[in-house]
$ cat protein-v8.csv   # CSV, C-alpha atoms
chain,number,residue,atom,x,y,z
C,1,MET,CA,0.0,0.0,0.0
C,2,ALA,CA,1.4,3.4,-1.0
C,3,VAL,CA,2.1,5.9,1.8
C,4,ARG,CA,-0.8,8.2,0.9
C,5,GLU,CA,-3.2,5.3,0.6
C,6,LYS,CA,-2.1,4.0,4.0
C,7,PHE,CA,-2.6,7.4,5.6
C,8,GLU,CA,-6.1,7.8,4.1
C,9,TYR,CA,-7.0,4.3,5.4
C,10,GLU,CA,-5.8,5.1,8.9
C,11,LEU,CA,-7.5,8.5,8.8
C,12,HIS,CA,-10.8,6.9,7.8
C,13,SER,CA,-10.4,4.3,10.6
C,14,ALA,CA,-9.9,7.2,13.1
C,15,GLN,CA,-13.0,8.9,11.8
C,16,GLU,CA,-15.1,5.8,12.1
C,17,GLN,CA,-14.0,5.4,15.7
C,18,LEU,CA,-15.0,9.0,16.3
C,19,ILE,CA,-18.4,8.3,14.9
C,20,THR,CA,-18.7,5.2,17.2
C,21,LEU,CA,-17.6,7.2,20.2
C,22,SER,CA,-20.0,10.1,19.5
C,23,THR,CA,-22.9,7.7,19.0
C,24,MET,CA,-22.2,6.0,22.3
C,25,ALA,CA,-21.9,9.4,24.2
C,26,ILE,CA,-25.1,10.8,22.6
C,27,ASP,CA,-27.0,7.5,23.3
C,28,ALA,CA,-25.8,7.7,26.9
C,29,LEU,CA,-27.1,11.3,27.2
C,30,ASP,CA,-30.4,10.2,25.7
C,31,LYS,CA,-30.7,7.1,28.0
C,32,SER,CA,-29.9,9.2,31.1
C,33,MET,CA,-32.7,11.6,30.4
C,34,LYS,CA,-35.1,8.7,29.8
C,35,ALA,CA,-34.0,7.2,33.1
C,36,LEU,CA,-34.7,10.5,34.9
C,37,ILE,CA,-38.2,10.9,33.4
C,38,ALA,CA,-39.2,7.3,34.1
C,39,HIS,CA,-37.5,7.1,37.5
C,40,ASP,CA,-35.6,4.1,36.1
C,41,ILE,CA,-32.8,3.5,38.5
C,42,ASP,CA,-31.6,0.4,36.6
C,43,LYS,CA,-31.3,2.4,33.4
C,44,ALA,CA,-29.4,5.0,35.2
C,45,LEU,CA,-27.0,2.4,36.6
C,46,GLN,CA,-26.4,1.1,33.0
C,47,VAL,CA,-25.4,4.6,31.9
C,48,ILE,CA,-22.8,4.7,34.7
C,49,ASP,CA,-21.5,1.2,34.0
C,50,ASN,CA,-21.2,1.8,30.3
C,51,ASP,CA,-19.1,5.0,30.7
C,52,ALA,CA,-16.0,3.0,31.0
C,53,ASN,CA,-16.4,1.9,27.4
C,54,ILE,CA,-16.7,5.5,26.2
C,55,ASN,CA,-13.5,6.4,28.2
C,56,ARG,CA,-11.6,3.5,26.8
C,57,LEU,CA,-12.5,4.3,23.2
C,58,GLU,CA,-11.5,7.9,23.6
C,59,GLU,CA,-8.1,6.9,24.9
C,60,GLU,CA,-7.6,4.4,22.1
C,61,LEU,CA,-8.6,7.0,19.5
C,62,ASN,CA,-6.3,9.6,21.1
C,63,ASP,CA,-3.4,7.1,21.0
C,64,GLN,CA,-4.2,6.1,17.4
C,65,VAL,CA,-4.2,9.7,16.1
C,66,ILE,CA,-1.0,10.7,18.0
C,67,LEU,CA,0.8,7.6,16.5
C,68,LEU,CA,-0.5,8.6,13.0
C,69,ILE,CA,0.8,12.1,13.4
C,70,ALA,CA,4.2,10.8,14.6
C,71,LYS,CA,4.5,8.3,11.7
C,72,GLN,CA,3.2,10.4,8.8
C,73,SER,CA,4.1,13.9,9.8
C,74,PRO,CA,1.0,15.4,8.1
C,75,VAL,CA,0.7,19.1,7.3
C,76,ALA,CA,-2.0,21.6,6.5
C,77,THR,CA,-5.5,20.2,6.2
C,78,ASP,CA,-4.4,16.6,7.0
C,79,LEU,CA,-2.9,17.8,10.3
C,80,ARG,CA,-5.9,19.9,11.2
C,81,ARG,CA,-8.2,17.0,10.5
C,82,LEU,CA,-6.3,14.8,13.0
C,83,ILE,CA,-6.1,17.6,15.6
C,84,VAL,CA,-9.9,18.2,15.3
C,85,THR,CA,-10.5,14.4,15.7
C,86,ILE,CA,-8.7,14.4,19.0
C,87,LYS,CA,-10.5,17.6,20.3
C,88,VAL,CA,-13.9,16.4,19.2
C,89,ALA,CA,-13.3,13.0,20.8
C,90,SER,CA,-12.4,14.7,24.1
C,91,ASP,CA,-15.6,16.8,23.9
C,92,MET,CA,-17.7,13.7,23.3
C,93,GLU,CA,-16.1,11.9,26.2
C,94,ARG,CA,-17.2,14.8,28.3
C,95,VAL,CA,-20.7,14.5,27.0
C,96,GLY,CA,-20.6,10.9,28.2
C,97,ASP,CA,-19.5,12.2,31.6
C,98,TYR,CA,-22.5,14.5,31.7
C,99,ALA,CA,-24.7,11.6,31.0
C,100,VAL,CA,-23.2,9.8,34.0
C,101,ASN,CA,-23.8,12.9,36.2
C,102,ILE,CA,-27.5,13.0,35.1
C,103,ALA,CA,-27.8,9.3,35.9
C,104,LYS,CA,-26.4,10.0,39.4
C,105,GLU,CA,-28.9,12.8,39.9
C,106,THR,CA,-31.6,10.4,38.8
C,107,ILE,CA,-30.6,8.0,41.5
C,108,ARG,CA,-30.6,10.7,44.1
C,109,ILE,CA,-34.1,11.9,43.1
C,110,GLY,CA,-35.4,8.4,43.2
C,111,GLN,CA,-39.2,8.2,43.0
C,112,GLN,CA,-40.0,11.8,43.8
C,113,ASP,CA,-42.5,13.5,41.5
C,114,LEU,CA,-40.4,15.8,39.2
C,115,LEU,CA,-40.9,19.5,39.5
C,116,GLU,CA,-42.5,21.7,36.8
C,117,PRO,CA,-39.3,22.8,34.9
C,118,ILE,CA,-38.8,19.2,33.8
C,119,ASN,CA,-40.6,20.1,30.6
C,120,LYS,CA,-38.0,22.7,29.8
C,121,ILE,CA,-35.2,20.3,30.7
C,122,GLN,CA,-36.6,17.8,28.3
C,123,ARG,CA,-36.7,20.4,25.6
C,124,MET,CA,-33.0,21.3,26.4
C,125,HIS,CA,-32.2,17.6,26.0
C,126,GLU,CA,-34.0,17.3,22.7
C,127,LEU,CA,-32.1,20.3,21.3
C,128,ALA,CA,-28.7,19.2,22.8
C,129,THR,CA,-28.8,15.7,21.4
C,130,SER,CA,-30.0,17.0,18.0
C,131,MET,CA,-27.2,19.6,18.0
C,132,LEU,CA,-24.6,16.9,18.8
C,133,ARG,CA,-25.8,14.6,16.1
C,134,GLN,CA,-25.9,17.5,13.6
C,135,GLY,CA,-22.4,18.6,14.7
C,136,ILE,CA,-20.9,15.1,14.0
C,137,ASP,CA,-22.7,14.8,10.7
C,138,ALA,CA,-21.5,18.3,9.7
C,139,LEU,CA,-17.9,17.4,10.7
C,140,ILE,CA,-17.9,14.1,8.7
C,141,GLU,CA,-19.4,15.8,5.7
C,142,GLU,CA,-17.4,18.9,6.2
C,143,ASP,CA,-20.6,20.9,5.8
C,144,VAL,CA,-20.1,24.4,7.1
C,145,GLU,CA,-23.7,25.5,6.4
C,146,LYS,CA,-25.0,22.7,8.6
C,147,ALA,CA,-22.5,23.7,11.3
C,148,LYS,CA,-23.8,27.3,11.3
C,149,GLU,CA,-27.3,26.2,12.3
C,150,ILE,CA,-25.9,24.8,15.6
C,151,ALA,CA,-25.1,28.2,17.0
C,152,ASP,CA,-28.7,29.4,16.6
C,153,LEU,CA,-30.0,26.3,18.4
C,154,ASP,CA,-27.5,27.0,21.2
C,155,ASP,CA,-29.1,30.3,21.9
C,156,GLU,CA,-32.5,28.6,22.4
C,157,VAL,CA,-30.9,26.1,24.8
C,158,ASP,CA,-29.4,29.1,26.8
C,159,ASP,CA,-32.8,30.7,27.0
C,160,LEU,CA,-34.4,27.5,28.2
C,161,TYR,CA,-31.6,27.1,30.8
C,162,GLY,CA,-32.3,30.6,32.2
C,163,GLU,CA,-36.1,29.9,32.3
C,164,ALA,CA,-35.6,26.5,34.0
C,165,ILE,CA,-33.3,27.9,36.7
C,166,ARG,CA,-35.6,30.8,37.4
C,167,LEU,CA,-38.5,28.4,37.9
C,168,LEU,CA,-36.4,26.2,40.2
C,169,PHE,CA,-35.5,29.1,42.3
C,170,GLN,CA,-39.1,30.0,42.6
C,171,HIS,CA,-39.9,26.5,43.8
C,172,SER,CA,-37.1,26.6,46.4
C,173,ALA,CA,-38.6,29.9,47.8
C,174,LYS,CA,-42.2,28.6,47.9
C,175,GLU,CA,-41.4,25.0,48.9
C,176,PRO,CA,-38.1,24.8,50.9
C,177,GLU,CA,-38.7,21.1,51.5
C,178,GLN,CA,-38.0,20.7,47.7
C,179,LEU,CA,-34.6,22.2,47.9
C,180,SER,CA,-32.8,18.9,47.4
C,181,GLN,CA,-34.6,18.1,44.1
C,182,VAL,CA,-34.3,21.8,43.0
C,183,THR,CA,-30.5,21.5,43.4
C,184,GLN,CA,-30.4,18.2,41.6
C,185,LEU,CA,-32.5,19.4,38.7
C,186,ALA,CA,-30.4,22.6,38.5
C,187,PHE,CA,-27.3,20.4,38.0
C,188,VAL,CA,-29.2,18.5,35.3
C,189,CYS,CA,-29.9,21.8,33.5
C,190,ARG,CA,-26.3,22.7,33.7
C,191,TYR,CA,-25.2,19.4,32.2
C,192,MET,CA,-27.6,19.7,29.3
C,193,GLU,CA,-26.5,23.3,28.7
C,194,ARG,CA,-22.9,22.3,28.6
C,195,SER,CA,-23.6,19.4,26.3
C,196,ALA,CA,-25.1,21.8,23.8
C,197,ASP,CA,-22.0,24.0,24.2
C,198,TYR,CA,-19.9,21.0,23.1
C,199,ALA,CA,-22.0,20.8,20.0
C,200,THR,CA,-21.1,24.4,19.3
C,201,ASN,CA,-17.4,23.5,19.9
C,202,ILE,CA,-17.7,20.8,17.3
C,203,ALA,CA,-19.1,23.3,14.8
C,204,GLU,CA,-16.2,25.6,15.6
C,205,GLN,CA,-13.7,22.8,15.0
C,206,LEU,CA,-15.2,22.3,11.6
C,207,PHE,CA,-14.7,25.9,10.7
C,208,TYR,CA,-11.0,25.5,11.8
C,209,LEU,CA,-10.7,22.4,9.7
C,210,VAL,CA,-12.1,23.9,6.6
C,211,ARG,CA,-10.9,27.5,6.8
C,212,GLY,CA,-7.7,27.1,8.9
C,213,ARG,CA,-8.7,29.7,11.5
C,214,HIS,CA,-10.6,29.7,14.7
C,215,TYR,CA,-14.2,31.1,15.0
C,216,ASP,CA,-16.3,31.8,18.1
C,217,LEU,CA,-19.8,30.9,17.2
C,218,ASN,CA,-21.2,31.8,20.6
C,219,LYS,CA,-20.7,35.5,20.0

$ encode --input "protein-v8.csv" --output "structure tokens"
Amino acid sequence: MAVREKFEYELHSAQEQLITLSTMAIDALDKSMKALIAHDIDKALQVIDNDANINRLEEELNDQVILLIAKQSPVATDLRRLIVTIKVASDMERVGDYAVNIAKETIRIGQQDLLEPINKIQRMHELATSMLRQGIDALIEEDVEKAKEIADLDDEVDDLYGEAIRLLFQHSAKEPEQLSQVTQLAFVCRYMERSADYATNIAEQLFYLVRGRHYDLNK
């Protein structure tokens, strides 16, 4: 196999691993929210147990890309593509961690009836998972236009986050006995908001890949 062909093969392999890692992380985020809504402790525990697989895959992908850079000494777009792969893999691993955190909050809440802002948290979850999937699709397809749409969705998530936190504070003032769940749901809100931010990070990485410079899409 020629040097360039071997590089292309190994690059494609790394990208396939990134897709697998991303799918696992997004699925974990999805499962953690379903566990919260259904008060499903067993499902929450599955999310926690499966996180080790996400962590291991991220480490393997990181090692693979570093070795590829060391062996092939890529430049320009090829080098940026590999750097972006490492950064996005790290972001998706963090999304998996947020899924674990939500699963832990689910266990703490147990069978308590969920407070009113849960509808806004569910909407945040729908947007965040959609943004993450769109971000990975845009990255693989190198579709800048698709990436631009993510920043607009992030604004909606931020608005929902503010509204949910405001409602939770109102609950804590009116019903102090609910303070524990208010705190736990506030953390869930934060984890969802941060997951959406990582989708925006992925979009920014795509701009760096395609255009060779960094853009801040949150401005």

$ closest_atom_pairs --input "protein-v8.csv" --of "stretch 65-119 of chain C" --to "stretch 162-169 of chain C" --cutoff "8 Å" --atoms "all atoms listed in the file" --output "CSV"
residue,atom,partner,partner_atom,distance
C:Glu116,CA,C:Leu167,CA,7.9
C:Pro117,CA,C:Ala164,CA,5.3
C:Ile118,CA,C:Ala164,CA,8.0

$ write_last_selection --input "protein-v8.csv" --atoms "C-alpha atoms" --output "JSON list (two decimals), in the coordinates of the input"
[["chain", "number", "residue", "atom", "x", "y", "z"],
["C", 116, "GLU", "CA", -42.50, 21.70, 36.80],
["C", 117, "PRO", "CA", -39.30, 22.80, 34.90],
["C", 118, "ILE", "CA", -38.80, 19.20, 33.80]]

$ closest_residue --input "protein-v8.csv" --among "C:Cys189, C:Glu93, C:Gly110, C:Lys87" --to "C:Glu204" --atoms "all atoms listed in the file"
C:Lys87

$ residues_around --input "protein-v8.csv" --residues "C:Thr85" --least-positions-apart "3" --cutoff "8 Å" --atoms "all atoms listed in the file" --output "number ranges by chain"
C: 14-15, 18, 65, 81-82, 88-89

$ atom_distance --input "protein-v8.csv" --atom1 "atom CA of C:Val210" --atom2 "atom CA of C:Ile140"
11.6 Å

$ residues_around --input "protein-v8.csv" --residues "C:Phe187" --least-positions-apart "3" --cutoff "12 Å" --atoms "all atoms listed in the file" --output "number ranges by chain"
C: 98-99, 101-106, 108, 121, 161, 164-165, 168, 180-184, 190-194

$ atom_distance --input "protein-v8.csv" --atom1 "atom CA of C:Asp152" --atom2 "atom CA of C:Val84"
21.9 Å

$ closest_residue --input "protein-v8.csv" --among "C:Asp158, C:Asp42, C:Glu58, C:Glu141" --to "C:Ser195" --atoms "all atoms listed in the file"
C:Asp158

$ closest_residue --input "protein-v8.csv" --among "C:Val100, C:Ser90, C:Leu79, C:Gln122" --to "C:Lys34" --atoms "only C-alpha atoms"
C:Gln122

$ closest_residue --input "protein-v8.csv" --among "C:Ala52, C:Glu142, C:Ala199, C:Ile83" --to "C:Ser22" --atoms "all atoms listed in the file"
C:Ala199

$ closest_residue --input "protein-v8.csv" --among "C:Val144, C:Leu160, C:Val75, C:Leu57" --to "C:Ile202" --atoms "only C-alpha atoms"
C:Val144

$ atom_distance --input "protein-v8.csv" --atom1 "atom CA of C:Ile19" --atom2 "atom CA of C:Gln72"
22.5 Å

$ residues_around --input "protein-v8.csv" --residues "C:Lys6" --least-positions-apart "4" --cutoff "12 Å" --atoms "all atoms listed in the file" --output "list in words"
Met1, Ala2, Glu10, Leu11, His12, Ser13, Leu68, Lys71 and Gln72 of chain C

$ write_last_selection --input "protein-v8.csv" --atoms "C-alpha atoms" --output "mmCIF file, in the coordinates of the input"
data_model
loop_
_atom_site.group_PDB
_atom_site.id
_atom_site.type_symbol
_atom_site.label_atom_id
_atom_site.label_comp_id
_atom_site.auth_asym_id
_atom_site.auth_seq_id
_atom_site.Cartn_x
_atom_site.Cartn_y
_atom_site.Cartn_z
ATOM 1 C CA MET C 1 0.000 0.000 0.000
ATOM 2 C CA ALA C 2 1.400 3.400 -1.000
ATOM 3 C CA GLU C 10 -5.800 5.100 8.900
ATOM 4 C CA LEU C 11 -7.500 8.500 8.800
ATOM 5 C CA HIS C 12 -10.800 6.900 7.800
ATOM 6 C CA SER C 13 -10.400 4.300 10.600
ATOM 7 C CA LEU C 68 -0.500 8.600 13.000
ATOM 8 C CA LYS C 71 4.500 8.300 11.700
ATOM 9 C CA GLN C 72 3.200 10.400 8.800
#

$ residues_around --input "protein-v8.csv" --residues "C:Ile26" --least-positions-apart "5" --cutoff "12 Å" --atoms "all atoms listed in the file" --output "PyMOL selection string"
chain C and resi 19-21+31-33+47+51+54+91-100+125-136+192+195-196+198-199

$ closest_residue --input "protein-v8.csv" --among "C:Ala173, C:Ala151, C:Gln112, C:Glu156" --to "C:Ala203" --atoms "all atoms listed in the file"
C:Ala151
